[in-house]
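See below for the structure under consideration.
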Amino acid sequence: MKLTRGNEIAAPLHIPKRHVLGLLLIINILMASRISLSRSIHPILKRTPYPRFTPKGLPKSHPCPLWSSSFSFCLQTLHKTTPTTPLTRSLSPCYSSLSAPSMAAASAADSNPLLQDFDFPPFDVVEAKHVRPGIRALLKNLEDDLEQLERTVEPSWPKLVEPLEKIVDQLAVVWGMINHLKAVKDTPELRAAIEEVQPEKVKFQLRLGQSKPIYNAFKAIQESPEWQSLSDARKRIVESQIKEAILNGVALEDDKREQFNKIEQELERLSQKFGENVLDATKKFEKLVTDKKEIEGLPATALGLAAQTAVSKGHKDATAENGPWIITLDAPSFMSVMQHARNRGLREEVYRAYVTRASSGDLDNTPIIDEILKLRLEKAKLLNYNNYAEVSMATKMATVEKAEELLEKLRTASWDAAVQDMEDLKIFSKNQGAVEANDLTHWDLSFWAERLRESKYDINEEELRPFFSLPKVMDGLFNLAKTLFGIDIEPADGLAPVWNSDVRFYRVKDSSGSPIAYFYFDPYSRPSEKRGGAWMDEVVSRSRVLSRNGTAPRLPVAHMVCNQTPPVGEKPSLMTFREVETVFHEFGHALQHMLTKQDEGLVAGIRGIEWDAVELPSQFMENWCYHRETLMGIAKHYETGESLPEEVYLKLLAARTYRAGSLSLRQLRFASLDLELHTKYVPGGSDSIYDVDQRVSKRTQVIPPLPEDRFLCSFSHIFAGGYAAGYYSYKWAEVLSADAFSAFEDAGLNDSKAVKETGKKFRETILALGGGKAPLEVFVEFRGREPSPEALLRHNGLLSAAASA
């Protein structure tokens with residue numbers, strides 16, 4: 001997960017004078033520059049199996065921020081519907097047959113689904129046995145295509161960018177397919193196959209990324225008389241390619257290039273292994289409970305899930321009422337224990353297991369982290385940067401200094417509120433007669449925070465579940481999308497192959513009824529084969545070059561993946577409010593991918609958008625969960641159809657800023673730790689990575705982590721995904737998203753006409769322009785001014801705290 005930056009200082013943010021002191025809190029954060037370079041083509045190929053966008057690449061999976069309101073676990077499937085109309089021809093193939101295949105390759109393509117022409121990936125038939133021959137045949141053909149391009153390249157769009165996009169896209173789609181299956185349907189055989197061919201794939205990526213003929217052709221375009229006449233999107237592509245080629249080592253000679261390539265190969269391998277260890281360590285923990293007293297307090301949904309897990313593990317007679325029950329570290333199970341189990345000993349056991357995942361034995365990620373950090377620093381030095389954070393920031397909006405400044409100002413604004421949060425918990429638990437009241441620690445906080453929330457706002461998340469059934473939530477989400485953006489979303493199950501029977505498939509249509517995009521939705525937790533978290537990813541992007549018929553562009557296809565509690569028994573999937581927020585969040589990402597009007601495939605949708613701006617649409621969509629009309633439209637009791645009582649809605653609204661200081665500090669710990677490890681930490685020095693965590697946590701946590709806390713060993717965002725020196729992006733983009741939503745508040749949330757007009761403008765700018773224009777320029781086009789942090793502080797209830805900071 002990463003993004004980009006530039007170097008020109010932007011004009012000051014527009015802030016009312018009365019807020020100047022308070023809003024110095026984030027005043028300088030956003031506009032480190034006007035000139036930002038989109039992520040390059042080559043990184044599109046580097047699709048890690050884990051979070052969001054790859055370090056130098058296009059957006060990959062979108063894991064939501066850990067422990068934030070949007071990091072609950074995700075969705076569930078609606079009842080299956082019958083397949084609808086057949087695929088229109090305006091969707092060109094996700095992947096076309098390889099060019100000039102040999103007879104052997106052609107024969108292989110006949111039987112290997114990875115090599116066949118398809119409209120939608122054949123997820124249902126791809127197996128581990130297809131990976132080795134399929135990827136090798138693909139790479140052989142792509143190498144031939146690359147050699148042909150280098151022989152004939154000219155500094156023109158048809159002779160350079162179009163053939164390059166075709167090469168990039170073929171590998172992106174096929175490699176993306178098998179990596180996606182590894183994330184949602186993991187098997188030892190699939191792992192082994194991917195591990196074997198991955199070095200060959202990385203070798204090709206490096207060969208492409210370091211191509212001097214291609215690099216020189218892009219330089220020639222930039223220096224040509226025609227440069228000024230190019231569109232913004234094409235200029236962004238050229239600038240991106242030049243920047244990324246340098247970051248890919250194109251300027252390195254001989255020994256240094258060889259060393260760089262070895263580092264890249266090893267980093268890819270280590271990243272893959274890190275993620276596998278986290279998944280295996282999470283799966284490994286199981287606690288069998290036979291005495292119901294041990295799990296007193298767990299809500300019915302959690303008991304049902306625990307019994308269902310027990311049945312899947314061979315306890316055939318397990319029931320929610322009588323057990324036995326199996327507790328796991330999978331998010332729905334873990335969070336239920338931490339928030340609701342009255343058994344303090346159980347909470348401690350599960351918490352300690354969670355924060356020490358992948359930190360011992362064969363699954364210990366400690367040496368992997370040390371080696372990753374060492375290699376990243378070596379890579380930075382080879383590229384003449386001081387540290388890896390500078391490499392990361394070379395393609396983002398911010399700079400290291402601006403990111404650190406933002407984090408410190410947010411920390412200052414959040415600290416007193418977080419201290420008060422802790423005092424409130426101590427007082428409340430003491431009044432409840434809790435023996436631990438004077439010694440509250442990590443495994444007590446979520447439990448007592450839930451009890452205080454229930455007491456303060458009379459809200460019990462479990463009691464709200466019946467009002468949030470997945471079918472209703474999805475209907476409401478799709479209705480909101482229609483209101484704001486003028487689109488219709490309809491089930492299209494059966495149109496595209498899926499990897500699991502729970503996966504839903506949808507068609508997105510514009511106001512004329514024409515299809516403009518498609519997406520998959522995989523809602524349920526499957527801890528035995530599916531990694532945790534929630535993310536959105538592209539399957540294919542919109543592209544003029546990859547049009548099927550030469551006129552209409554290829555349409556974008558996305559997938560949304562969540563890890564929500566499956567339906568238990570005859571009940572539909574009943575969601576917590578946080579799970580509702582998660583669905584809205586991931587759908588925001590999907591909308592930016594699907595509603596793009598950018599036809600240049602290399603900057604369409606989420607491609608080419610600076611990493612620290614990419615959370616804007618997702619966090620923007622979360623705000624609608626608090627919009628009265630939207631929420632009341634989805635909050636219907638699944639049995640009676642009764643609407644959520646008005647007083648409960650008002651309590652939800654009031655509870656929005658509950659423990660905002662504590663939640664903010666938690667995110668700031670992760671972001672600060674990430675930057676510290678990639679700027680100041682010396683691999684192999686006197687401090688260990690855990691010493692750094694403890695030091696950072698003293699500044700960012702009211703209660704420091706346990707001495708044995710090994711959270712870093714499961715911090716997949718920065719070690720198995722693309723958020724290295726980029727985790728701060730969540731907060732950076734939060735300023736943008738809160739201010740974007742404030743445009744609707746200014747227009748009047750109760751004025752349907754104004755909401756539709758503002759929604760149309762949001763679609764035409766934030767969602768439509770993709771990476772074809774710098775994100776600051778896109779924001780100004782939507783908002784009419786540069787971003788102000790006022791809305792973020794107001795939404796979080798921290799405005800007064802910031803003003804006094």
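Ligands are numbered from 1 in the order shown, chains are lettered A, B, ... in the order of the structure tokens, and residues start at 1 in each chain.
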
Notebook entry, point to check: Which residues, written as a PyMOL selection string, have at least one atom at most 7 Å from A:Met594, with only C-alpha atoms counted and residues fewer than 3 positions away on the same chain left out?
Noted result: chain A and resi 517+556-557+590-591+605

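By chain and then residue number, the residues within 8 Å of A:Val391 are A:Leu247, A:Ala380, A:Tyr385, counting only C-alpha atoms and disregarding those fewer than 5 positions away in sequence.
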
Item checked: Residues flagged alpha helix (DSSP H) by DSSP in stretch 259-325 of chain A, as JSON, numbers by chain -> {"A": [259, 260, 261, 262, 263, 264, 265, 266, 267, 268, 269, 270, 271, 272, 273, 274, 275, 276, 277, 278, 279, 280, 281, 282, 283, 284, 300, 301, 302, 303, 304, 305, 306, 307, 308, 309, 310, 311, 312]}

Check: Using only C-alpha atoms, which of A:Thr399, A:Ser271, A:Thr576, A:Asn386 sits nearest A:Ser469?
Finding: A:Thr576

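When atom CA of A:Val508 is paired with atom CA of A:Pro466, their separation reads 28.4 Å.
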
Item checked: Between atom CA of A:Ala300 and atom CA of A:Ala318 - distance in Å to one decimal -> 14.1 Å

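For stretch 154-168 of chain A, the non-local neighbours within 6 Å, defined as residues at least 3 positions apart in the same chain or in other chains and counting only C-alpha atoms, are A:Leu171, A:Ala217, A:Ala220, A:Ile221.
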
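With distances restricted to only C-alpha atoms, A:Lys456 is the closest residue to A:Ala654 from A:Arg191, A:His442, A:Lys456, A:Lys426.
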
Check: Between atom CA of A:His589 and atom CA of A:Lys731, what is the spacing in Å?
Finding: 16.1 Å

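Of the residues under consideration (A:Pro324, A:Pro705, A:Gly759, A:Gly748), A:Pro705 shows the shortest atom-to-atom contact distance to A:Arg669 when counting only C-alpha atoms.
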
Note to self: Need to verify the contact set: A:Ile459, 8 Å, only C-alpha atoms, exclusion of same-chain residues closer than 5 positions in sequence. Can you return it as JSON, numbers by chain?
What the structure shows: {"A": [453, 454, 464, 648, 651, 652]}

Convert the current residue selection to file output with N, CA and C atoms, as a short mmCIF file (atom, residue, chain, number, x, y, z; two decimals), in the first residue's frame.
```
data_model
loop_
_atom_site.label_atom_id
_atom_site.label_comp_id
_atom_site.auth_asym_id
_atom_site.auth_seq_id
_atom_site.Cartn_x
_atom_site.Cartn_y
_atom_site.Cartn_z
N ARG A 453 -20.00 2.03 27.26
CA ARG A 453 -20.80 2.49 26.11
C ARG A 453 -22.28 2.15 26.34
N GLU A 454 -22.52 0.92 26.78
CA GLU A 454 -23.90 0.50 27.03
C GLU A 454 -24.56 1.37 28.10
N LEU A 464 -28.26 -4.56 18.77
CA LEU A 464 -28.56 -3.85 17.52
C LEU A 464 -28.49 -4.76 16.31
N VAL A 648 -32.66 5.50 19.54
CA VAL A 648 -31.45 4.69 19.38
C VAL A 648 -30.54 5.32 18.32
N LYS A 651 -28.72 8.10 19.87
CA LYS A 651 -27.64 7.60 20.74
C LYS A 651 -26.43 7.15 19.91
N LEU A 652 -26.70 6.52 18.78
CA LEU A 652 -25.59 6.13 17.89
C LEU A 652 -24.82 7.37 17.44
#
```

Note to self: Which of stretch 468-677 of chain A end up as strand (DSSP E or B) when DSSP is run on this backbone - answer as a PyMOL selection string?
What the structure shows: chain A and resi 469+488-491+504-509+515-524+535-540+543+554+557-564+574+636+643

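Distances here use only C-alpha atoms; by that measure, the residue among A:Asn261, A:Ser714, A:Ser664, A:Gln592 closest to A:Glu408 is A:Ser664.
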
Contacts of A:Asp124 within 6 Å, only C-alpha atoms, excl. fewer than 5 positions in-chain, as a PDB file with N, CA and C atoms, in the first residue's frame:
```pdb
ATOM      1  N   PRO A 497     -17.643 -16.939 -13.029  1.00  0.00           N
ATOM      2  CA  PRO A 497     -17.269 -18.009 -12.105  1.00  0.00           C
ATOM      3  C   PRO A 497     -16.808 -17.425 -10.774  1.00  0.00           C
ATOM      4  N   VAL A 498     -17.060 -18.132  -9.675  1.00  0.00           N
ATOM      5  CA  VAL A 498     -16.655 -17.668  -8.348  1.00  0.00           C
ATOM      6  C   VAL A 498     -15.848 -18.761  -7.645  1.00  0.00           C
ATOM      7  N   TRP A 499     -15.118 -18.380  -6.599  1.00  0.00           N
ATOM      8  CA  TRP A 499     -14.221 -19.297  -5.903  1.00  0.00           C
ATOM      9  C   TRP A 499     -14.873 -19.975  -4.707  1.00  0.00           C
TER      10      TRP A 499
END
```

Next item on the list: Would you mind listing what lies within 10 Å of A:Ser446 as a ChimeraX atom specification, with only C-alpha atoms counted and same-chain residues fewer than 4 positions away left out?
Entry: /A:335-340,347,425,441-442,450-452

Residue contacts of A:Lys482 (10 Å, only C-alpha atoms) excluding same-chain residues fewer than 5 positions away, as a compact mmCIF listing (two decimals) with C-alpha atoms, in the first residue's frame:
```txt
# COMPACT_ATOMS: atom_id res chain seq x y z
CA GLY A 476 -29.51 0.50 1.56
CA LEU A 477 -25.94 0.84 0.36
CA ILE A 487 -26.02 4.19 -10.73
CA ASP A 488 -28.00 0.98 -10.43
CA ILE A 489 -26.51 -2.19 -8.96
CA LYS A 509 -25.26 0.22 -14.63
CA ASP A 510 -25.44 3.92 -15.44
CA SER A 511 -28.63 5.95 -15.73
CA LYS A 756 -27.73 14.67 -5.58
CA GLY A 759 -22.92 13.62 -5.32
```

Margin query: Calculated over only C-alpha atoms, which of the candidates A:Gln170, A:Asn343, A:Gln205, A:Asn277 has the smallest distance to A:Glu294?
Written below: A:Asn343
